[in-house]
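File shown here: query_7.txt, holding compact mmCIF, C-alpha atoms.
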# COMPACT_ATOMS: atom_id res chain seq x y z
CA MET A 1 218.48 132.16 171.75
CA ARG A 2 221.56 130.41 173.01
CA LEU A 3 222.08 126.86 171.75
CA SER A 4 223.06 123.94 173.93
CA THR A 5 226.76 123.14 173.77
CA PHE A 6 225.74 119.59 172.82
CA GLY A 7 224.85 121.23 169.51
CA ALA A 8 228.56 121.15 168.70
CA LEU A 9 228.77 117.42 169.32
CA ARG A 10 227.61 114.34 167.45
CA PRO A 11 226.35 110.98 168.74
CA LEU A 12 228.73 108.07 168.22
CA ALA A 13 226.91 106.63 165.24
CA ALA A 14 226.91 109.98 163.45
CA HIS A 15 230.53 110.65 164.35
CA ARG A 16 231.67 107.54 162.56
CA LYS A 17 229.68 108.32 159.42
CA SER A 18 229.92 111.31 157.15
CA PRO A 19 229.04 114.48 159.10
CA ARG A 20 225.42 115.51 158.97
CA PRO A 21 224.45 119.14 158.35
CA LEU A 22 225.09 121.23 161.45
CA ALA A 23 221.47 122.31 161.76
CA THR A 24 220.30 118.68 161.81
CA ALA A 25 222.85 117.73 164.47
CA ILE A 26 221.92 120.74 166.60
CA GLY A 27 218.22 119.95 166.36
CA LEU A 28 218.71 116.33 167.45
CA VAL A 29 220.94 117.25 170.34
CA LEU A 30 218.70 120.05 171.59
CA VAL A 31 215.84 117.57 171.89
CA LEU A 32 218.06 115.32 174.00
CA ALA A 33 219.43 118.17 176.08
CA CYS A 34 215.90 119.06 177.17
CA GLN A 35 215.64 115.76 179.04
CA PRO A 36 216.79 116.55 182.62
CA GLY A 37 219.96 114.66 183.32
CA LEU A 38 219.48 112.45 180.25
CA ARG A 39 218.87 109.52 182.60
CA ALA A 40 217.65 106.10 181.53
CA ASP A 41 214.19 106.45 183.09
CA GLN A 42 213.55 109.71 181.23
CA ASP A 43 214.91 109.09 177.78
CA GLY A 44 214.22 105.88 175.89
CA ARG A 45 215.96 106.82 172.67
CA SER A 46 219.34 105.51 171.65
CA THR A 47 221.72 105.32 168.75
CA ALA A 48 221.64 102.16 166.63
CA GLY A 49 222.77 99.17 168.67
CA ALA A 50 222.89 101.03 171.99
CA ALA A 51 220.87 100.28 175.11
CA PRO A 52 217.70 102.41 175.49
CA GLY A 53 218.45 105.67 177.27
CA VAL A 54 222.22 105.41 176.94
CA ARG A 55 223.96 107.60 174.38
CA SER A 56 227.57 108.48 173.57
CA PHE A 57 228.66 111.93 172.48
CA TYR A 58 232.07 112.87 171.20
CA VAL A 59 233.27 115.99 173.03
CA GLN A 60 236.71 116.78 171.61
CA GLY A 61 240.26 115.49 171.68
CA GLN A 62 240.22 111.95 173.07
CA VAL A 63 237.16 112.47 175.28
CA TRP A 64 233.62 111.10 175.03
CA VAL A 65 230.67 111.46 177.39
CA ILE A 66 228.07 108.74 177.98
CA ALA A 67 224.69 109.97 179.21
CA GLY A 68 221.85 107.89 180.58
CA ALA A 69 223.75 105.47 182.84
CA GLY A 70 223.21 107.46 186.06
CA GLY A 71 225.62 110.34 186.39
CA ASN A 72 227.53 111.37 183.29
CA VAL A 73 230.36 108.95 182.45
CA ILE A 74 233.47 110.34 180.73
CA VAL A 75 235.63 108.10 178.56
CA GLN A 76 239.15 108.97 177.44
CA ALA A 77 239.97 106.48 174.73
CA GLY A 78 243.46 106.42 173.28
CA ASP A 79 243.90 105.85 169.59
CA ALA A 80 247.08 104.24 168.32
CA LYS A 81 246.58 106.06 165.01
CA ALA A 82 246.99 109.38 166.82
CA GLY A 83 250.72 108.68 167.20
CA GLY A 84 252.95 109.43 170.17
CA PRO A 85 254.48 106.99 172.65
CA GLY A 86 251.43 106.92 174.90
CA ALA A 87 248.66 106.81 172.31
CA GLY A 88 246.47 103.73 172.46
CA GLU A 89 247.43 102.71 176.01
CA GLY A 90 243.85 101.87 176.91
CA VAL A 91 240.79 103.50 178.44
CA LEU A 92 240.36 105.90 181.36
CA VAL A 93 236.84 106.29 182.73
CA VAL A 94 235.66 109.13 184.97
CA ASP A 95 232.78 107.86 187.13
CA THR A 96 230.96 104.63 186.40
CA GLY A 97 227.25 105.41 186.59
CA ALA A 98 224.61 103.61 188.60
CA ALA A 99 224.91 99.92 189.47
CA GLY A 100 221.86 98.86 187.47
CA MET A 101 223.21 100.40 184.28
CA THR A 102 226.54 98.56 184.13
CA GLY A 103 225.71 96.24 181.26
CA ALA A 104 224.48 99.07 179.05
CA LEU A 105 227.45 101.22 180.04
CA LEU A 106 229.97 98.55 179.11
CA ALA A 107 228.21 98.00 175.80
CA GLU A 108 228.41 101.70 175.04
CA ILE A 109 232.09 101.87 175.98
CA ARG A 110 232.66 98.93 173.63
CA ARG A 111 231.08 100.94 170.81
CA ILE A 112 233.65 103.68 171.43
CA THR A 113 236.72 101.46 171.78
CA PRO A 114 237.65 97.78 172.26
CA ARG A 115 240.63 98.69 174.42
CA ARG A 116 240.95 97.65 178.05
CA ILE A 117 240.01 99.90 180.96
CA GLU A 118 243.17 100.82 182.83
CA TYR A 119 241.99 103.69 185.05
CA ILE A 120 238.78 104.65 186.82
CA VAL A 121 238.51 108.08 188.46
CA ASN A 122 235.68 108.76 190.91
CA THR A 123 234.70 112.41 191.35
CA SER A 124 232.85 111.52 194.58
CA GLY A 125 231.45 108.53 196.43
CA ASP A 126 227.84 109.00 195.36
CA PRO A 127 226.02 105.87 194.11
CA GLU A 128 225.31 107.27 190.64
CA HIS A 129 229.03 107.90 190.18
CA VAL A 130 230.58 104.73 191.66
CA GLY A 131 227.84 102.14 191.07
CA GLY A 132 229.69 100.53 188.16
CA ASN A 133 233.11 100.36 189.84
CA GLU A 134 232.79 96.71 190.74
CA ALA A 135 231.93 95.53 187.25
CA LEU A 136 234.42 97.76 185.42
CA ALA A 137 237.30 96.88 187.77
CA LYS A 138 236.50 93.20 188.27
CA PRO A 139 239.04 90.83 186.66
CA GLU A 140 237.84 88.85 183.65
CA THR A 141 234.56 90.72 183.26
CA ASP A 142 232.39 88.95 180.69
CA PHE A 143 229.52 91.33 180.01
CA LEU A 144 230.32 91.31 176.33
CA SER A 145 231.53 87.71 176.09
CA THR A 146 235.09 88.98 175.71
CA PRO A 147 236.73 88.13 179.04
CA GLY A 148 239.51 90.48 179.99
CA SER A 149 238.99 92.85 177.07
CA PHE A 150 237.74 95.68 179.26
CA SER A 151 239.32 95.29 182.63
CA GLY A 152 241.41 92.96 184.69
CA PRO A 153 243.97 92.79 187.45
CA GLY A 154 245.68 96.08 187.99
CA VAL A 155 242.79 98.40 187.15
CA LYS A 156 243.59 101.55 189.10
CA ILE A 157 240.71 103.37 190.81
CA ILE A 158 241.62 106.94 191.70
CA GLY A 159 239.65 108.96 194.22
CA HIS A 160 240.25 111.34 197.07
CA GLU A 161 240.99 109.60 200.35
CA ALA A 162 237.64 110.75 201.77
CA VAL A 163 235.83 108.55 199.22
CA LEU A 164 237.37 105.30 200.47
CA PRO A 165 235.73 105.19 203.95
CA ARG A 166 232.40 106.12 202.45
CA MET A 167 232.57 103.06 200.22
CA SER A 168 234.26 100.64 202.63
CA LEU A 169 233.02 101.31 206.20
CA PRO A 170 229.95 99.37 207.40
CA GLY A 171 226.72 101.34 207.65
CA SER A 172 224.18 101.34 210.47
CA ASP A 173 222.97 97.94 209.27
CA GLY A 174 226.49 96.50 209.57
CA ARG A 175 226.87 96.01 205.83
CA VAL A 176 229.77 97.29 203.77
CA PRO A 177 228.34 99.49 200.97
CA TYR A 178 230.57 98.12 198.20
CA PRO A 179 232.83 95.08 197.76
CA ALA A 180 236.59 95.62 198.02
CA VAL A 181 237.12 95.40 194.25
CA ALA A 182 235.06 98.60 193.86
CA TRP A 183 237.03 100.67 196.38
CA PRO A 184 239.53 103.31 195.28
CA ASN A 185 242.94 101.61 195.36
CA ALA A 186 244.92 104.68 194.30
CA THR A 187 243.65 107.35 196.68
CA TYR A 188 245.33 110.72 196.97
CA SER A 189 245.47 113.15 199.88
CA LEU A 190 247.36 116.11 198.43
CA ALA A 191 245.93 118.85 196.25
CA GLN A 192 246.31 116.87 193.03
CA ARG A 193 246.92 113.47 191.50
CA ARG A 194 248.53 113.58 188.04
CA VAL A 195 248.53 110.86 185.40
CA PHE A 196 250.06 110.81 181.93
CA PHE A 197 247.95 108.43 179.87
CA ASN A 198 247.23 108.02 176.17
CA ASP A 199 249.82 110.71 175.44
CA GLU A 200 247.84 113.23 177.50
CA PRO A 201 248.42 114.86 180.90
CA ILE A 202 245.40 114.33 183.17
CA VAL A 203 245.15 116.29 186.42
CA VAL A 204 242.78 115.15 189.19
CA THR A 205 242.26 118.05 191.63
CA TYR A 206 240.68 117.92 195.08
CA VAL A 207 237.92 120.45 195.76
CA PRO A 208 237.49 120.64 199.55
CA ALA A 209 234.15 121.10 201.31
CA ALA A 210 232.18 121.41 198.07
CA HIS A 211 229.25 119.11 197.23
CA SER A 212 230.80 116.73 199.82
CA ASP A 213 234.17 116.18 201.49
CA GLY A 214 235.60 114.05 198.68
CA ASP A 215 235.00 115.92 195.42
CA SER A 216 237.48 115.87 192.55
CA VAL A 217 237.54 117.55 189.15
CA VAL A 218 239.41 115.96 186.25
CA HIS A 219 241.20 118.07 183.64
CA PHE A 220 242.16 116.48 180.32
CA ARG A 221 244.73 119.07 179.36
CA ARG A 222 245.41 118.15 175.74
CA SER A 223 241.76 117.45 174.92
CA ASP A 224 240.80 120.65 176.79
CA VAL A 225 237.90 119.02 178.66
CA ILE A 226 237.09 119.22 182.39
CA ALA A 227 234.89 116.70 184.23
CA THR A 228 233.41 118.36 187.32
CA GLY A 229 231.29 115.66 188.93
CA ASP A 230 228.51 117.13 191.06
CA LEU A 231 230.38 120.38 191.62
CA PHE A 232 228.42 121.51 188.55
CA ASP A 233 224.99 120.04 187.82
CA ALA A 234 223.35 121.38 184.67
CA THR A 235 219.92 120.01 185.66
CA ARG A 236 219.34 121.44 189.15
CA TYR A 237 220.72 123.41 192.07
CA PRO A 238 223.84 121.70 193.42
CA VAL A 239 223.35 119.05 196.08
CA ILE A 240 225.03 120.19 199.30
CA GLU A 241 225.72 117.17 201.53
CA ARG A 242 226.16 119.02 204.82
CA ALA A 243 226.37 115.79 206.81
CA ARG A 244 229.42 114.89 204.71
CA GLY A 245 231.19 118.24 204.79
CA GLY A 246 229.49 119.93 201.85
CA THR A 247 229.18 123.75 201.72
CA VAL A 248 227.96 126.28 199.20
CA ALA A 249 231.12 128.31 199.86
CA GLY A 250 233.21 125.30 198.80
CA ILE A 251 231.14 124.82 195.64
CA ILE A 252 231.59 128.46 194.66
CA ALA A 253 235.33 128.25 195.33
CA GLY A 254 235.53 125.06 193.25
CA LEU A 255 233.66 126.63 190.34
CA ASN A 256 236.04 129.60 190.47
CA ARG A 257 238.95 127.17 190.13
CA VAL A 258 237.29 125.53 187.14
CA LEU A 259 236.72 128.93 185.51
CA ASP A 260 240.41 129.73 185.99
CA LEU A 261 241.28 126.64 183.92
CA MET A 262 238.91 127.43 181.06
CA VAL A 263 239.93 129.23 177.89
CA PRO A 264 236.96 130.12 175.66
CA ARG A 265 237.33 130.29 171.92
CA TYR A 266 235.32 133.49 171.57
CA ASN A 267 233.10 135.56 173.86
CA GLN A 268 232.92 132.87 176.59
CA GLU A 269 231.81 130.28 174.01
CA GLY A 270 233.54 127.10 172.81
CA GLY A 271 237.15 126.38 173.68
CA THR A 272 237.32 124.42 176.94
CA TYR A 273 234.32 122.16 177.46
CA VAL A 274 232.99 121.10 180.86
CA VAL A 275 231.16 117.82 181.48
CA PRO A 276 228.91 118.22 184.56
CA GLY A 277 227.84 115.47 186.91
CA HIS A 278 224.40 115.50 185.25
CA GLY A 279 223.05 117.17 182.15
CA ARG A 280 224.52 118.64 178.99
CA VAL A 281 228.10 119.55 178.24
CA GLY A 282 228.83 123.25 178.81
CA ASP A 283 231.40 125.92 178.14
CA GLN A 284 232.68 128.86 180.17
CA HIS A 285 229.43 130.78 179.79
CA ASP A 286 227.43 127.95 181.37
CA VAL A 287 229.77 127.58 184.34
CA LEU A 288 229.86 131.35 184.83
CA GLU A 289 226.05 131.54 184.88
CA TYR A 290 225.89 128.73 187.43
CA ARG A 291 228.56 130.31 189.64
CA ASP A 292 226.88 133.73 189.50
CA MET A 293 223.51 132.19 190.41
CA LEU A 294 225.04 130.55 193.47
CA VAL A 295 226.76 133.76 194.58
CA ILE A 296 223.54 135.77 194.25
CA VAL A 297 221.37 133.23 196.09
CA ARG A 298 224.07 132.73 198.76
CA ASP A 299 224.33 136.50 199.34
CA ARG A 300 220.55 136.89 199.62
CA ILE A 301 220.27 134.15 202.24
CA ARG A 302 223.39 135.23 204.11
CA ALA A 303 222.05 138.80 204.33
CA ALA A 304 218.74 137.51 205.69
CA VAL A 305 220.54 135.41 208.31
CA GLY A 306 222.50 138.51 209.33
CA LYS A 307 219.21 140.32 209.93
CA GLY A 308 218.03 137.51 212.20
CA TRP A 309 215.39 136.11 209.86
CA THR A 310 214.07 132.63 210.52
CA LEU A 311 214.22 129.89 207.92
CA ALA A 312 210.47 130.22 207.37
CA GLN A 313 210.85 133.94 206.69
CA VAL A 314 213.65 133.30 204.20
CA LYS A 315 211.60 130.69 202.34
CA ALA A 316 208.63 133.04 202.23
CA GLN A 317 210.78 135.60 200.40
CA ARG A 318 211.70 132.98 197.75
CA PRO A 319 215.37 133.89 197.32
CA THR A 320 215.70 131.55 194.31
CA LEU A 321 212.58 132.74 192.46
CA ASP A 322 214.32 134.12 189.38
CA TYR A 323 216.27 130.87 188.90
CA ASP A 324 213.66 128.24 189.79
CA ALA A 325 212.38 127.80 186.25
CA ARG A 326 215.81 126.58 185.17
CA TRP A 327 217.25 124.75 188.19
CA GLY A 328 214.43 124.42 190.72
CA ALA A 329 212.62 121.23 191.77
CA GLY A 330 209.47 120.85 193.81
CA GLY A 331 209.96 117.12 194.34
CA GLY A 332 212.52 114.36 194.02
CA PRO A 333 215.67 113.64 196.01
CA TRP A 334 216.89 117.27 195.99
CA THR A 335 214.36 120.10 196.08
CA THR A 336 214.64 123.87 196.00
CA ASP A 337 213.59 123.99 199.66
CA MET A 338 216.40 121.60 200.60
CA PHE A 339 218.88 123.81 198.73
CA ILE A 340 217.70 126.90 200.64
CA GLU A 341 217.78 125.02 203.94
CA ALA A 342 221.37 123.90 203.38
CA ILE A 343 222.62 127.43 202.68
CA TYR A 344 220.62 128.85 205.59
CA ALA A 345 222.06 126.27 208.00
CA GLU A 346 225.60 126.98 206.77
CA TYR A 347 225.41 130.68 207.60
CA ALA A 348 223.13 130.41 210.64
CA ARG A 349 225.81 128.20 212.19
CA THR A 350 228.58 130.74 211.58
CA ARG A 351 226.54 133.78 212.66
Take the structure in this file and express it as structure tokens.
Amino acid sequence: MRLSTFGALRPLAAHRKSPRPLATAIGLVLVLACQPGLRADQDGRSTAGAAPGVRSFYVQGQVWVIAGAGGNVIVQAGDAKAGGPGAGEGVLVVDTGAAGMTGALLAEIRRITPRRIEYIVNTSGDPEHVGGNEALAKPETDFLSTPGSFSGPGVKIIGHEAVLPRMSLPGSDGRVPYPAVAWPNATYSLAQRRVFFNDEPIVVTYVPAAHSDGDSVVHFRRSDVIATGDLFDATRYPVIERARGGTVAGIIAGLNRVLDLMVPRYNQEGGTYVVPGHGRVGDQHDVLEYRDMLVIVRDRIRAAVGKGWTLAQVKAQRPTLDYDARWGAGGGPWTTDMFIEAIYAEYARTR
């Protein structure tokens, strides 16, 4: 039986103490990994002093992941003790969770490092990934009664240029979705945006027409960790936002690019770690399984469209049957039927 990759990691409290036996750490983490998405409304456990449902895990290098605040939040925290001219420059955060979880998120970041947030990177414009932008980028934030210790003037929010209008243009009700302080102020339009921070090269890469029209993946090259956002979701089939330019073809192409960056330690295990938008940390094997599943399901539906089958006929054949136990959902905001419908519409349109 294959163990969760979180089995190689330790919660923050354990990381700072003497290491526990590997079997104990694996057992604890496997229990947590079974909670879909590790979100606050599903998991009430926490490390000592943390908010219920919010947990920090050390990945490797300078990278941590915080689960339970909405989408996964990635923290790159420089350490002056690590040496080098850029070590200890501050904190870079990838995605900021849901708006209602900001206080708990900031408290958990504080448990990792007292340094100030200098960069925020948004992998998309979805609410569970940008909901904390305002609080983390706002000058003189005082969530922890330490004004200015986390963020302040000059916090740089990086995102693809397609994310900015989604966050700043008024909706049908005439309201702007987010205040100006939460908007990306360092957008990029080319293939990549590169930052050298905390003595580490960080590459933000645009993935066109994937889960949406504004997806980015973030590669921490020295730490050997990749944050994928919702390009890879370890808890369900990927959400395909067709109204916002999302395609299954783009998701598959994006996953292929991620696989090209990964170097496993042995037999597709270990080595480069991937932090998905939701769910447990994975390695090359996990991403490969997810990519292969998408290719197989895509090919089944595309072949049916080519034969002139209706959507009802395709659903009746259950093209995702052998994967539903792992990634399927009969209810909630993104169901298996919605996943099939999105792929069907993509290829019915091009037929």
Problem set entry | All residues 9 Å or closer to Thr228 of chain A, all atoms listed in the file, same chain fewer than 2 positions away omitted, as a VMD selection string | chain A and resid 123 215 to 219 226 230 to 233 255 258 274 to 277
Seminar exercise, completed: From the list A:Val207, A:Val287, A:Ile251, A:Ala345, the nearest residue to Arg302 of chain A using only C-alpha atoms is A:Ala345
For this session: Pick out the residues sitting within 12 Å of segment 252-254 of chain A, and hand them over as JSON, numbers by chain; count only C-alpha atoms, and ignore anything fewer than 4 positions along from it in its own chain.
Result: {"A": [205, 206, 207, 208, 209, 210, 211, 212, 215, 216, 217, 228, 229, 230, 231, 232, 238, 240, 246, 247, 248, 258, 259, 260, 261, 287, 288, 289, 290, 291, 292, 293, 294, 295, 296, 297, 298, 299]}
Regenerate segment 209-221 of chain A at the level of N, CA, C and O atoms and dump it as a PDB file, in the coordinates of the input.
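Result file is part.pdb:
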ATOM      1  N   ALA A 209     235.403 120.582 200.743  1.00  0.00           N
ATOM      2  CA  ALA A 209     234.150 121.100 201.310  1.00  0.00           C
ATOM      3  C   ALA A 209     233.229 121.667 200.235  1.00  0.00           C
ATOM      4  O   ALA A 209     232.688 122.763 200.386  1.00  0.00           O
ATOM      5  N   ALA A 210     233.038 120.938 199.142  1.00  0.00           N
ATOM      6  CA  ALA A 210     232.180 121.410 198.070  1.00  0.00           C
ATOM      7  C   ALA A 210     230.829 120.692 198.147  1.00  0.00           C
ATOM      8  O   ALA A 210     230.112 120.850 199.123  1.00  0.00           O
ATOM      9  N   HIS A 211     230.491 119.886 197.147  1.00  0.00           N
ATOM     10  CA  HIS A 211     229.250 119.110 197.230  1.00  0.00           C
ATOM     11  C   HIS A 211     229.325 118.115 198.373  1.00  0.00           C
ATOM     12  O   HIS A 211     228.333 117.801 199.022  1.00  0.00           O
ATOM     13  N   SER A 212     230.547 117.614 198.671  1.00  0.00           N
ATOM     14  CA  SER A 212     230.800 116.730 199.820  1.00  0.00           C
ATOM     15  C   SER A 212     232.247 116.954 200.227  1.00  0.00           C
ATOM     16  O   SER A 212     232.874 117.933 199.823  1.00  0.00           O
ATOM     17  N   ASP A 213     232.778 116.024 201.031  1.00  0.00           N
ATOM     18  CA  ASP A 213     234.170 116.180 201.490  1.00  0.00           C
ATOM     19  C   ASP A 213     235.158 115.431 200.607  1.00  0.00           C
ATOM     20  O   ASP A 213     236.350 115.396 200.907  1.00  0.00           O
ATOM     21  N   GLY A 214     234.696 114.845 199.494  1.00  0.00           N
ATOM     22  CA  GLY A 214     235.600 114.050 198.680  1.00  0.00           C
ATOM     23  C   GLY A 214     235.526 114.345 197.194  1.00  0.00           C
ATOM     24  O   GLY A 214     235.797 113.481 196.368  1.00  0.00           O
ATOM     25  N   ASP A 215     235.188 115.575 196.833  1.00  0.00           N
ATOM     26  CA  ASP A 215     235.000 115.920 195.420  1.00  0.00           C
ATOM     27  C   ASP A 215     236.316 116.119 194.689  1.00  0.00           C
ATOM     28  O   ASP A 215     237.261 116.710 195.216  1.00  0.00           O
ATOM     29  N   SER A 216     236.336 115.657 193.443  1.00  0.00           N
ATOM     30  CA  SER A 216     237.480 115.870 192.550  1.00  0.00           C
ATOM     31  C   SER A 216     236.967 116.378 191.211  1.00  0.00           C
ATOM     32  O   SER A 216     235.861 116.034 190.779  1.00  0.00           O
ATOM     33  N   VAL A 217     237.787 117.202 190.544  1.00  0.00           N
ATOM     34  CA  VAL A 217     237.540 117.550 189.150  1.00  0.00           C
ATOM     35  C   VAL A 217     238.698 116.986 188.340  1.00  0.00           C
ATOM     36  O   VAL A 217     239.823 116.864 188.835  1.00  0.00           O
ATOM     37  N   VAL A 218     238.428 116.624 187.097  1.00  0.00           N
ATOM     38  CA  VAL A 218     239.410 115.960 186.250  1.00  0.00           C
ATOM     39  C   VAL A 218     239.624 116.807 184.996  1.00  0.00           C
ATOM     40  O   VAL A 218     238.667 117.066 184.251  1.00  0.00           O
ATOM     41  N   HIS A 219     240.871 117.212 184.770  1.00  0.00           N
ATOM     42  CA  HIS A 219     241.200 118.070 183.640  1.00  0.00           C
ATOM     43  C   HIS A 219     242.017 117.290 182.618  1.00  0.00           C
ATOM     44  O   HIS A 219     243.138 116.860 182.907  1.00  0.00           O
ATOM     45  N   PHE A 220     241.441 117.084 181.441  1.00  0.00           N
ATOM     46  CA  PHE A 220     242.160 116.480 180.320  1.00  0.00           C
ATOM     47  C   PHE A 220     242.820 117.632 179.562  1.00  0.00           C
ATOM     48  O   PHE A 220     242.169 118.330 178.781  1.00  0.00           O
ATOM     49  N   ARG A 221     244.094 117.834 179.804  1.00  0.00           N
ATOM     50  CA  ARG A 221     244.730 119.070 179.360  1.00  0.00           C
ATOM     51  C   ARG A 221     244.884 119.162 177.854  1.00  0.00           C
ATOM     52  O   ARG A 221     244.679 120.225 177.269  1.00  0.00           O
TER      53      ARG A 221
END
